[in-house]
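Here's data_2.cif, which has mmCIF, C-alpha atoms and all ligand atoms:
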data_start
#
loop_
_atom_site.group_PDB
_atom_site.id
_atom_site.type_symbol
_atom_site.label_atom_id
_atom_site.label_comp_id
_atom_site.auth_asym_id
_atom_site.auth_seq_id
_atom_site.Cartn_x
_atom_site.Cartn_y
_atom_site.Cartn_z
ATOM 1 C CA MET M 1 13.321 2.358 -14.005
ATOM 2 C CA GLN M 2 12.589 0.529 -17.224
ATOM 3 C CA LEU M 3 8.976 -0.722 -17.229
ATOM 4 C CA THR M 4 8.913 -1.923 -20.829
ATOM 5 C CA ASN M 5 9.314 -5.693 -20.526
ATOM 6 C CA ALA M 6 9.662 -5.473 -16.722
ATOM 7 C CA ARG M 7 8.276 -8.606 -15.075
ATOM 8 C CA ILE M 8 6.194 -7.507 -12.107
ATOM 9 C CA LEU M 9 4.590 -9.292 -9.164
ATOM 10 C CA LEU M 10 1.698 -7.135 -7.912
ATOM 11 C CA THR M 11 -0.095 -8.098 -4.694
ATOM 12 C CA GLY M 12 -3.602 -6.828 -3.972
ATOM 13 C CA ALA M 13 -4.252 -6.745 -7.718
ATOM 14 C CA THR M 14 -7.966 -7.436 -7.265
ATOM 15 C CA GLY M 15 -8.485 -4.248 -5.238
ATOM 16 C CA GLY M 16 -9.315 -0.707 -6.303
ATOM 17 C CA LEU M 17 -5.765 0.595 -6.648
ATOM 18 C CA GLY M 18 -4.302 -2.800 -7.625
ATOM 19 C CA GLU M 19 -6.536 -3.200 -10.645
ATOM 20 C CA ALA M 20 -5.837 0.333 -11.908
ATOM 21 C CA LEU M 21 -2.122 -0.147 -11.299
ATOM 22 C CA ALA M 22 -2.078 -3.466 -13.151
ATOM 23 C CA ARG M 23 -3.667 -1.809 -16.191
ATOM 24 C CA GLU M 24 -1.319 1.201 -16.075
ATOM 25 C CA LEU M 25 1.777 -1.001 -15.749
ATOM 26 C CA ALA M 26 0.599 -3.184 -18.643
ATOM 27 C CA ARG M 27 0.092 -0.020 -20.726
ATOM 28 C CA ALA M 28 3.700 0.928 -19.921
ATOM 29 C CA GLY M 29 4.824 -2.388 -21.426
ATOM 30 C CA ALA M 30 5.252 -4.553 -18.307
ATOM 31 C CA GLN M 31 4.301 -8.232 -17.966
ATOM 32 C CA LEU M 32 2.280 -8.899 -14.822
ATOM 33 C CA LEU M 33 1.944 -11.671 -12.300
ATOM 34 C CA ILE M 34 -1.103 -10.617 -10.296
ATOM 35 C CA ALA M 35 -1.809 -11.935 -6.796
ATOM 36 C CA GLY M 36 -5.008 -11.898 -4.749
ATOM 37 C CA ARG M 37 -7.545 -14.137 -3.051
ATOM 38 C CA ASP M 38 -10.518 -13.716 -5.396
ATOM 39 C CA VAL M 39 -10.127 -16.217 -8.251
ATOM 40 C CA PRO M 40 -12.918 -14.887 -10.549
ATOM 41 C CA LYS M 41 -11.594 -11.320 -10.164
ATOM 42 C CA LEU M 42 -8.027 -12.486 -10.851
ATOM 43 C CA ALA M 43 -9.142 -14.364 -13.979
ATOM 44 C CA ALA M 44 -11.165 -11.403 -15.266
ATOM 45 C CA LEU M 45 -8.299 -8.964 -14.762
ATOM 46 C CA SER M 46 -5.698 -11.352 -16.159
ATOM 47 C CA ALA M 47 -7.757 -11.728 -19.354
ATOM 48 C CA THR M 48 -7.511 -7.970 -19.965
ATOM 49 C CA LEU M 49 -3.755 -7.743 -19.368
ATOM 50 C CA GLY M 50 -2.559 -9.641 -22.426
ATOM 51 C CA ALA M 51 -1.180 -13.077 -23.142
ATOM 52 C CA GLY M 52 1.998 -12.626 -21.092
ATOM 53 C CA SER M 53 0.208 -12.131 -17.769
ATOM 54 C CA ALA M 54 -0.335 -14.751 -15.070
ATOM 55 C CA SER M 55 -2.057 -14.936 -11.703
ATOM 56 C CA VAL M 56 -1.618 -16.602 -8.335
ATOM 57 C CA ARG M 57 -4.312 -17.037 -5.704
ATOM 58 C CA ALA M 58 -2.853 -16.556 -2.250
ATOM 59 C CA ASP M 59 -3.579 -15.136 1.184
ATOM 60 C CA VAL M 60 -0.498 -13.055 2.095
ATOM 61 C CA THR M 61 -1.086 -13.603 5.815
ATOM 62 C CA ARG M 62 -0.653 -17.384 5.560
ATOM 63 C CA PRO M 63 2.662 -19.255 5.194
ATOM 64 C CA GLU M 64 1.284 -21.333 2.307
ATOM 65 C CA GLY M 65 0.164 -18.112 0.617
ATOM 66 C CA ILE M 66 3.654 -16.617 0.832
ATOM 67 C CA ALA M 67 5.134 -19.903 -0.471
ATOM 68 C CA ALA M 68 2.696 -19.961 -3.411
ATOM 69 C CA ILE M 69 3.536 -16.368 -4.353
ATOM 70 C CA VAL M 70 7.303 -16.910 -4.075
ATOM 71 C CA GLY M 71 7.131 -20.037 -6.251
ATOM 72 C CA ALA M 72 4.987 -18.305 -8.871
ATOM 73 C CA ALA M 73 7.247 -15.221 -8.822
ATOM 74 C CA GLN M 74 10.356 -17.266 -9.578
ATOM 75 C CA GLU M 75 8.569 -19.199 -12.299
ATOM 76 C CA PHE M 76 7.396 -15.895 -13.806
ATOM 77 C CA ASN M 77 10.961 -14.567 -13.608
ATOM 78 C CA ILE M 78 9.991 -11.329 -11.857
ATOM 79 C CA ASN M 79 12.395 -8.440 -11.457
ATOM 80 C CA LEU M 80 9.986 -6.093 -9.678
ATOM 81 C CA LEU M 81 7.929 -6.740 -6.538
ATOM 82 C CA ILE M 82 5.054 -4.410 -5.691
ATOM 83 C CA ASN M 83 3.662 -4.873 -2.172
ATOM 84 C CA ASN M 84 0.221 -3.320 -2.554
ATOM 85 C CA ALA M 85 -2.178 -5.672 -0.692
ATOM 86 C CA GLY M 86 -3.556 -3.952 2.374
ATOM 87 C CA ILE M 87 -6.549 -3.527 4.644
ATOM 88 C CA GLY M 88 -7.901 -0.595 6.648
ATOM 89 C CA ALA M 89 -9.490 -0.266 10.067
ATOM 90 C CA PHE M 90 -11.219 2.908 11.226
ATOM 91 C CA GLY M 91 -12.258 3.260 14.851
ATOM 92 C CA LEU M 92 -11.046 4.304 18.268
ATOM 93 C CA TYR M 93 -8.105 2.166 19.342
ATOM 94 C CA ASP M 94 -9.604 1.031 22.646
ATOM 95 C CA GLU M 95 -12.705 -0.169 20.823
ATOM 96 C CA GLN M 96 -10.888 -2.320 18.258
ATOM 97 C CA ASN M 97 -10.514 -5.990 18.995
ATOM 98 C CA TRP M 98 -7.081 -7.594 18.955
ATOM 99 C CA PRO M 99 -7.742 -10.023 16.046
ATOM 100 C CA THR M 100 -8.525 -6.999 13.846
ATOM 101 C CA ILE M 101 -5.261 -5.340 14.851
ATOM 102 C CA GLU M 102 -3.295 -8.565 14.340
ATOM 103 C CA GLN M 103 -4.758 -8.938 10.841
ATOM 104 C CA LEU M 104 -3.759 -5.342 10.044
ATOM 105 C CA ILE M 105 -0.173 -5.985 11.133
ATOM 106 C CA ALA M 106 -0.051 -9.319 9.287
ATOM 107 C CA THR M 107 -1.397 -7.881 6.032
ATOM 108 C CA ASN M 108 0.084 -4.377 5.892
ATOM 109 C CA LEU M 109 3.484 -4.919 7.507
ATOM 110 C CA ALA M 110 4.477 -8.545 8.132
ATOM 111 C CA ALA M 111 3.446 -9.786 4.660
ATOM 112 C CA PRO M 112 5.468 -7.205 2.672
ATOM 113 C CA MET M 113 8.473 -7.816 4.954
ATOM 114 C CA GLN M 114 8.167 -11.582 4.523
ATOM 115 C CA LEU M 115 7.640 -11.503 0.751
ATOM 116 C CA THR M 116 10.570 -9.119 0.351
ATOM 117 C CA GLN M 117 12.883 -11.288 2.435
ATOM 118 C CA ALA M 118 11.857 -14.467 0.605
ATOM 119 C CA LEU M 119 12.368 -12.862 -2.814
ATOM 120 C CA LEU M 120 15.552 -10.877 -2.096
ATOM 121 C CA PRO M 121 17.973 -13.640 -3.185
ATOM 122 C CA TRP M 122 16.003 -13.993 -6.426
ATOM 123 C CA LEU M 123 15.904 -10.237 -7.037
ATOM 124 C CA LYS M 124 19.645 -9.992 -6.349
ATOM 125 C CA SER M 125 20.238 -12.494 -9.139
ATOM 126 C CA ARG M 126 18.362 -10.351 -11.697
ATOM 127 C CA PRO M 127 20.330 -7.754 -13.702
ATOM 128 C CA ALA M 128 17.910 -4.961 -12.634
ATOM 129 C CA ALA M 129 15.394 -5.170 -9.809
ATOM 130 C CA ALA M 130 13.150 -3.114 -7.549
ATOM 131 C CA ILE M 131 10.855 -3.429 -4.550
ATOM 132 C CA VAL M 132 7.915 -1.026 -4.339
ATOM 133 C CA ASN M 133 5.928 -0.673 -1.112
ATOM 134 C CA VAL M 134 2.537 1.034 -1.120
ATOM 135 C CA GLY M 135 2.210 2.885 2.177
ATOM 136 C CA SER M 136 -0.057 5.773 3.084
ATOM 137 C CA THR M 137 -0.024 9.417 4.125
ATOM 138 C CA PHE M 138 -0.876 8.017 7.578
ATOM 139 C CA GLY M 139 2.582 6.398 7.659
ATOM 140 C CA SER M 140 4.054 9.904 7.907
ATOM 141 C CA VAL M 141 1.123 11.744 9.459
ATOM 142 C CA PRO M 142 -0.228 9.180 11.939
ATOM 143 C CA PHE M 143 -3.895 9.983 12.520
ATOM 144 C CA ALA M 144 -6.486 9.686 15.270
ATOM 145 C CA GLY M 145 -9.094 7.042 14.454
ATOM 146 C CA PHE M 146 -6.492 5.102 12.452
ATOM 147 C CA VAL M 147 -4.004 4.237 15.209
ATOM 148 C CA ALA M 148 -3.242 0.623 14.272
ATOM 149 C CA TYR M 149 -3.406 1.314 10.514
ATOM 150 C CA SER M 150 -1.032 4.292 10.922
ATOM 151 C CA ALA M 151 1.361 2.119 12.943
ATOM 152 C CA THR M 152 1.504 -0.502 10.170
ATOM 153 C CA LYS M 153 2.090 2.129 7.489
ATOM 154 C CA ALA M 154 4.728 3.957 9.559
ATOM 155 C CA GLY M 155 6.375 0.555 9.993
ATOM 156 C CA LEU M 156 6.281 -0.015 6.248
ATOM 157 C CA ARG M 157 7.867 3.392 5.657
ATOM 158 C CA GLY M 158 10.658 2.583 8.134
ATOM 159 C CA PHE M 159 11.135 -0.831 6.547
ATOM 160 C CA SER M 160 11.368 0.694 3.057
ATOM 161 C CA GLN M 161 13.852 3.377 4.038
ATOM 162 C CA SER M 162 16.116 1.131 6.114
ATOM 163 C CA LEU M 163 16.138 -1.570 3.431
ATOM 164 C CA ARG M 164 16.972 1.034 0.757
ATOM 165 C CA ARG M 165 19.936 2.125 2.865
ATOM 166 C CA GLU M 166 21.051 -1.482 3.411
ATOM 167 C CA LEU M 167 20.834 -2.209 -0.324
ATOM 168 C CA ALA M 168 22.583 1.016 -1.347
ATOM 169 C CA ASP M 169 25.586 -0.925 -2.681
ATOM 170 C CA SER M 170 23.359 -3.235 -4.739
ATOM 171 C CA HIS M 171 21.387 -2.743 -7.942
ATOM 172 C CA ILE M 172 18.032 -3.145 -6.140
ATOM 173 C CA ALA M 173 15.942 0.010 -5.851
ATOM 174 C CA VAL M 174 13.526 0.304 -2.907
ATOM 175 C CA VAL M 175 10.608 2.642 -3.534
ATOM 176 C CA HIS M 176 8.044 3.866 -1.006
ATOM 177 C CA ILE M 177 4.770 5.370 -2.232
ATOM 178 C CA ALA M 178 2.456 7.195 0.162
ATOM 179 C CA PRO M 179 -0.965 7.914 -1.367
ATOM 180 C CA ARG M 180 -3.560 10.059 0.386
ATOM 181 C CA ALA M 181 -7.193 8.828 0.423
ATOM 182 C CA ILE M 182 -8.235 6.898 -2.689
ATOM 183 C CA ASP M 183 -11.785 6.072 -3.836
ATOM 184 C CA THR M 184 -11.655 2.305 -3.249
ATOM 185 C CA PRO M 185 -13.579 -0.289 -1.224
ATOM 186 C CA LEU M 186 -10.862 -0.087 1.474
ATOM 187 C CA ASN M 187 -12.685 2.955 2.829
ATOM 188 C CA THR M 188 -15.917 2.163 4.636
ATOM 189 C CA PRO M 189 -18.960 4.469 4.381
ATOM 190 C CA GLU M 190 -17.927 5.890 7.808
ATOM 191 C CA VAL M 191 -14.453 6.794 6.482
ATOM 192 C CA ASN M 192 -15.950 8.375 3.367
ATOM 193 C CA ALA M 193 -18.340 10.393 5.555
ATOM 194 C CA LEU M 194 -15.424 11.512 7.757
ATOM 195 C CA ASN M 195 -13.391 12.509 4.699
ATOM 196 C CA ARG M 196 -16.298 14.581 3.389
ATOM 197 C CA ASP M 197 -16.730 16.200 6.817
ATOM 198 C CA LEU M 198 -13.010 17.034 7.114
ATOM 199 C CA LYS M 199 -12.830 18.059 3.445
ATOM 200 C CA THR M 200 -10.108 15.473 2.902
ATOM 201 C CA ALA M 201 -9.434 15.060 -0.811
ATOM 202 C CA SER M 202 -9.741 11.569 -2.286
ATOM 203 C CA ASP M 203 -8.042 10.550 -5.540
ATOM 204 C CA SER M 204 -9.264 8.170 -8.195
ATOM 205 C CA PRO M 205 -7.384 4.837 -8.402
ATOM 206 C CA ALA M 206 -6.484 5.655 -12.030
ATOM 207 C CA ASP M 207 -4.816 8.953 -11.011
ATOM 208 C CA VAL M 208 -2.836 7.244 -8.228
ATOM 209 C CA ALA M 209 -1.810 4.412 -10.571
ATOM 210 C CA ARG M 210 -0.534 6.978 -13.108
ATOM 211 C CA ALA M 211 1.404 8.806 -10.364
ATOM 212 C CA ILE M 212 3.037 5.535 -9.266
ATOM 213 C CA VAL M 213 4.032 4.574 -12.805
ATOM 214 C CA THR M 214 5.473 8.043 -13.448
ATOM 215 C CA THR M 215 7.437 7.850 -10.181
ATOM 216 C CA LEU M 216 8.921 4.494 -11.213
ATOM 217 C CA GLN M 217 9.765 5.710 -14.719
ATOM 218 C CA LYS M 218 11.562 8.739 -13.229
ATOM 219 C CA ASN M 219 13.510 6.570 -10.744
ATOM 220 C CA GLY M 220 11.784 8.238 -7.753
ATOM 221 C CA LYS M 221 12.345 6.557 -4.398
ATOM 222 C CA GLU M 222 9.865 8.402 -2.134
ATOM 223 C CA ARG M 223 6.581 9.788 -3.328
ATOM 224 C CA HIS M 224 3.872 11.446 -1.253
ATOM 225 C CA ILE M 225 0.840 11.783 -3.465
ATOM 226 C CA GLY M 226 -1.190 14.974 -2.978
ATOM 227 C CA PHE M 227 -0.868 18.424 -1.497
ATOM 228 C CA PRO M 228 -1.202 19.522 1.358
ATOM 229 C CA GLU M 229 -0.561 15.912 2.512
ATOM 230 C CA ARG M 230 3.075 16.150 1.294
ATOM 231 C CA PHE M 231 3.514 19.328 3.335
ATOM 232 C CA PHE M 232 1.999 17.746 6.470
ATOM 233 C CA ALA M 233 4.332 14.747 6.114
ATOM 234 C CA TRP M 234 7.250 17.175 6.199
ATOM 235 C CA LEU M 235 5.715 19.199 9.045
ATOM 236 C CA ASN M 236 5.128 16.090 11.162
ATOM 237 C CA GLY M 237 8.850 15.339 10.834
ATOM 238 C CA VAL M 238 10.042 18.748 11.979
ATOM 239 C CA ALA M 239 7.251 19.938 14.296
ATOM 240 C CA PRO M 240 4.965 17.062 15.356
ATOM 241 C CA GLY M 241 3.429 19.273 18.062
ATOM 242 C CA LEU M 242 1.846 21.446 15.374
ATOM 243 C CA VAL M 243 0.301 18.359 13.792
ATOM 244 C CA ASP M 244 -0.889 17.158 17.258
ATOM 245 C CA HIS M 245 -2.653 20.500 17.586
ATOM 246 C CA GLY M 246 -4.186 20.337 14.108
ATOM 247 C CA VAL M 247 -5.488 16.772 14.546
ATOM 248 C CA ALA M 248 -6.862 17.635 18.023
ATOM 249 C CA GLY M 249 -9.185 20.122 16.328
ATOM 250 C CA LYS M 250 -10.582 17.299 14.195
ATOM 251 C CA LEU M 251 -11.020 14.865 17.103
ATOM 252 C CA PRO M 252 -14.729 15.577 17.782
ATOM 253 C CA ALA M 253 -15.584 14.766 14.154
ATOM 254 C CA ILE M 254 -13.350 11.670 14.177
ATOM 255 C CA LYS M 255 -15.034 10.427 17.369
ATOM 256 C CA ARG M 256 -18.493 11.142 15.991
ATOM 257 C CA HIS M 257 -17.869 9.118 12.825
ATOM 258 C CA ALA M 258 -15.984 6.376 14.691
ATOM 259 C CA SER M 259 -19.005 5.899 16.967
ATOM 260 C CA THR M 260 -21.035 4.857 13.904
ATOM 261 C CA THR M 261 -18.469 2.161 13.030
ATOM 262 C CA GLN M 262 -19.423 -1.278 14.240
ATOM 263 C CA LYS M 263 -16.981 -2.290 16.981
ATOM 264 C CA GLY M 264 -14.117 -4.427 15.779
ATOM 265 C CA ARG M 265 -15.119 -4.322 12.115
ATOM 266 C CA PRO M 266 -12.034 -4.022 9.882
HETATM 267 N N1 LIG Z 1 -7.913 3.470 -0.318
HETATM 268 C C1 LIG Z 1 -7.207 4.388 0.336
HETATM 269 O O1 LIG Z 1 -7.744 5.412 0.803
HETATM 270 C C2 LIG Z 1 -5.725 4.215 0.494
HETATM 271 C C3 LIG Z 1 -4.956 5.345 0.852
HETATM 272 C C4 LIG Z 1 -3.580 5.196 1.014
HETATM 273 C C5 LIG Z 1 -2.996 3.961 0.819
HETATM 274 N N2 LIG Z 1 -3.768 2.886 0.467
HETATM 275 C C6 LIG Z 1 -3.097 1.585 0.307
HETATM 276 O O2 LIG Z 1 -3.255 1.148 -1.029
HETATM 277 C C7 LIG Z 1 -3.174 -0.291 -1.069
HETATM 278 C C8 LIG Z 1 -4.312 -0.841 -1.909
HETATM 279 O O3 LIG Z 1 -5.536 -0.588 -1.229
HETATM 280 P P1 LIG Z 1 -6.923 -0.315 -1.973
HETATM 281 O O4 LIG Z 1 -7.356 1.038 -1.608
HETATM 282 O O5 LIG Z 1 -6.841 -0.693 -3.401
HETATM 283 O O6 LIG Z 1 -7.841 -1.341 -1.167
HETATM 284 P P2 LIG Z 1 -8.870 -2.456 -1.670
HETATM 285 O O7 LIG Z 1 -9.630 -1.983 -2.841
HETATM 286 O O8 LIG Z 1 -9.613 -2.878 -0.452
HETATM 287 O O9 LIG Z 1 -7.891 -3.640 -2.133
HETATM 288 C C9 LIG Z 1 -7.072 -4.309 -1.225
HETATM 289 C C10 LIG Z 1 -6.384 -5.456 -1.928
HETATM 290 O O10 LIG Z 1 -5.570 -6.163 -0.962
HETATM 291 C C11 LIG Z 1 -5.908 -7.529 -1.026
HETATM 292 N N3 LIG Z 1 -5.769 -8.213 0.263
HETATM 293 C C12 LIG Z 1 -6.237 -7.831 1.487
HETATM 294 N N4 LIG Z 1 -5.955 -8.753 2.409
HETATM 295 C C13 LIG Z 1 -5.302 -9.739 1.757
HETATM 296 C C14 LIG Z 1 -4.750 -10.985 2.170
HETATM 297 N N5 LIG Z 1 -4.820 -11.412 3.450
HETATM 298 N N6 LIG Z 1 -4.126 -11.757 1.247
HETATM 299 C C15 LIG Z 1 -4.059 -11.357 -0.042
HETATM 300 N N7 LIG Z 1 -4.560 -10.200 -0.499
HETATM 301 C C16 LIG Z 1 -5.181 -9.404 0.390
HETATM 302 C C17 LIG Z 1 -7.363 -7.564 -1.463
HETATM 303 O O11 LIG Z 1 -7.629 -8.842 -1.991
HETATM 304 P P3 LIG Z 1 -9.103 -9.490 -1.910
HETATM 305 O O12 LIG Z 1 -9.787 -9.051 -3.174
HETATM 306 O O13 LIG Z 1 -8.822 -10.940 -1.894
HETATM 307 O O14 LIG Z 1 -9.746 -8.972 -0.650
HETATM 308 C C18 LIG Z 1 -7.356 -6.472 -2.516
HETATM 309 O O15 LIG Z 1 -6.840 -6.964 -3.729
HETATM 310 C C19 LIG Z 1 -3.198 -0.763 0.394
HETATM 311 O O16 LIG Z 1 -1.895 -1.085 0.813
HETATM 312 C C20 LIG Z 1 -3.709 0.472 1.137
HETATM 313 O O17 LIG Z 1 -3.290 0.502 2.483
HETATM 314 C C21 LIG Z 1 -5.107 2.981 0.290
#
What does the file become when written as structure tokens?
Amino acid sequence: MQLTNARILLTGATGGLGEALARELARAGAQLLIAGRDVPKLAALSATLGAGSASVRADVTRPEGIAAIVGAAQEFNINLLINNAGIGAFGLYDEQNWPTIEQLIATNLAAPMQLTQALLPWLKSRPAAAIVNVGSTFGSVPFAGFVAYSATKAGLRGFSQSLRRELADSHIAVVHIAPRAIDTPLNTPEVNALNRDLKTASDSPADVARAIVTTLQKNGKERHIGFPERFFAWLNGVAPGLVDHGVAGKLPAIKRHASTTQKGRP
């Protein structure tokens, strides 16, 4: 995929991975339309991305937010959509309140599906186009303590793969990226403590951004970032019982750390 002079809409650009990805894409020669809710952060990032960049303030879970992004994307003449905005929620499923779960589904799954559908006619009219969805290892290795989050990311993986198959006779590439843990504000202190306890590796946003850009430049369609996470994604597909067994061994630690998470907090 040609990134030099690509015109990219990036959601969640004000977050840990989004900001690093915006910088890496700009370094690769792309022009960026960055989306987020935090106006000062958007302005500060936009100022570092060069004269050709633009920004749009929008909440992806609201109809007016989707409309604002779609309008700005057409005006910016995008040919690449990156669905990166997302939220996390660590805790035992029966202790999470429904509004938290609804917000997870709205942000991590419904918003990328809606933005993609609204922009598909536009992308089809471009000579070269792509849709990139940022999922998670938990979309392929659904995890205890992250039940609702895993469900949204598994949904996003299914959406990406089915859409890729439906668009196989078009020029639109559909890419699904599954990072493992990243050092960003998405992870609460409880999640970071759990990761340390379980010896779960966590990547820097800059490393993940570089891996995503390399994947796009090499025309990759599916990328699991990190080993052994890539192996466990494969194992969960062929022998989920083995993964059930492995995660069961971690359950006491997951429950211990989840008990320190305030009920219902995203
Ligand atoms: N961090 C990890 O361990 C990890 C691992 C695997 C995958 N991922 C995925 O990577 C992506 C980026 O996450 P991150 O780690 O960079 O998290 P982050 O630092 O918390 O950033 C999340 C971004 O999403 C935006 N966002 C959240 N809700 C939104 C809404 N309703 N409307 C518009 N924007 C919204 C945030 O905007 P505001 O600034 O306005 O809040 C922020 O820009 C997510 O899809 C996440 O699931 C993260």
Atom CA of M:Trp98 to atom CA of M:Val60: how many Å, to one decimal?
18.9 Å
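Among the candidate residues M:Gly139, M:Gly155, M:Gly145, M:Gly91, the one lying nearest to ligand LIG 1 (chain Z) is M:Gly139, with distances computed using only C-alpha atoms and all ligand atoms.
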Find the residues near stretch 197-210 of chain M: any atom within 8 Å, counting all atoms listed in the file, skip ones fewer than 3 places away on the same chain, and give them as a ChimeraX atom specification.
/M:16-17,20-21,24,179-184,193-194,213-214,225,250,253
How far is it from atom CA of M:His171 to atom O16 of ligand LIG 1 (chain Z), in Å with one decimal?
24.9 Å
Within 7 Å of ligand LIG 1 (chain Z) (counting all atoms listed in the file), which residues show up? I'd like them as a VMD selection string.
chain M and resid 11 to 18 36 to 38 58 to 61 84 to 88 107 to 108 134 to 137 178 to 187
Skipping near chain neighbours, those fewer than 4 positions away, what residues fall within 8 Å of M:Ala22 using only C-alpha atoms, listed as an mmCIF file with C-alpha atoms, in the coordinates of the input?
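Written out: around_34.cif:
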data_model
loop_
_atom_site.group_PDB
_atom_site.id
_atom_site.type_symbol
_atom_site.label_atom_id
_atom_site.label_comp_id
_atom_site.auth_asym_id
_atom_site.auth_seq_id
_atom_site.Cartn_x
_atom_site.Cartn_y
_atom_site.Cartn_z
ATOM 1 C CA LEU M 10 1.698 -7.135 -7.912
ATOM 2 C CA ALA M 13 -4.252 -6.745 -7.718
ATOM 3 C CA GLY M 18 -4.302 -2.800 -7.625
ATOM 4 C CA ALA M 26 0.599 -3.184 -18.643
ATOM 5 C CA LEU M 32 2.280 -8.899 -14.822
ATOM 6 C CA ILE M 34 -1.103 -10.617 -10.296
ATOM 7 C CA LEU M 49 -3.755 -7.743 -19.368
#
Starting from 3 Å padding per side, set up an axis-aligned box that covers all listed atoms of stretch 240-259 of chain M and hand over centre and edge lengths in Å, one decimal, as AutoDock Vina command-line options.
--center_x -7.0 --center_y 13.7 --center_z 15.4 --size_x 30.0 --size_y 21.5 --size_z 11.2
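Going from atom CA of M:Arg164 over to atom CA of M:His176, you cover 9.5 Å.
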Given the file above and the PyMOL selection byres (((chain M and resi 228-234) around 8) and not hetatm), which residues are selected, and can you give them as an mmCIF file with C-alpha atoms, keeping the file's coordinate frame?
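The file below, expr-v9.cif, is the result:
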data_model
loop_
_atom_site.group_PDB
_atom_site.id
_atom_site.type_symbol
_atom_site.label_atom_id
_atom_site.label_comp_id
_atom_site.auth_asym_id
_atom_site.auth_seq_id
_atom_site.Cartn_x
_atom_site.Cartn_y
_atom_site.Cartn_z
ATOM 1 C CA THR M 137 -0.024 9.417 4.125
ATOM 2 C CA SER M 140 4.054 9.904 7.907
ATOM 3 C CA VAL M 141 1.123 11.744 9.459
ATOM 4 C CA ARG M 180 -3.560 10.059 0.386
ATOM 5 C CA HIS M 224 3.872 11.446 -1.253
ATOM 6 C CA ILE M 225 0.840 11.783 -3.465
ATOM 7 C CA GLY M 226 -1.190 14.974 -2.978
ATOM 8 C CA PHE M 227 -0.868 18.424 -1.497
ATOM 9 C CA LEU M 235 5.715 19.199 9.045
ATOM 10 C CA ASN M 236 5.128 16.090 11.162
ATOM 11 C CA GLY M 237 8.850 15.339 10.834
ATOM 12 C CA VAL M 238 10.042 18.748 11.979
ATOM 13 C CA VAL M 243 0.301 18.359 13.792
#
Residues of stretch 147-185 of chain M within 9 Å of stretch 127-133 of chain M: nearest atom pair and distance (Å, one decimal) for each, counting all atoms listed in the file, sorted by chain and number, as a tab-separated table?
residue	atom	partner	partner_atom	distance
M:Leu156	CA	M:Asn133	CA	7.4
M:Arg157	CA	M:Asn133	CA	8.1
M:Ser160	CA	M:Asn133	CA	7.0
M:His171	CA	M:Ala128	CA	6.2
M:Ile172	CA	M:Ala129	CA	5.0
M:Ala173	CA	M:Ala130	CA	4.5
M:Val174	CA	M:Ile131	CA	4.9
M:Val175	CA	M:Val132	CA	4.6
M:His176	CA	M:Asn133	CA	5.0
M:Ile177	CA	M:Asn133	CA	6.3
M:Ala178	CA	M:Asn133	CA	8.7
Taking all atoms listed in the file into account, name the residue in M:Leu123, M:Leu9, M:Ala43, M:Leu25 that is nearest to M:Ala73.
M:Leu9
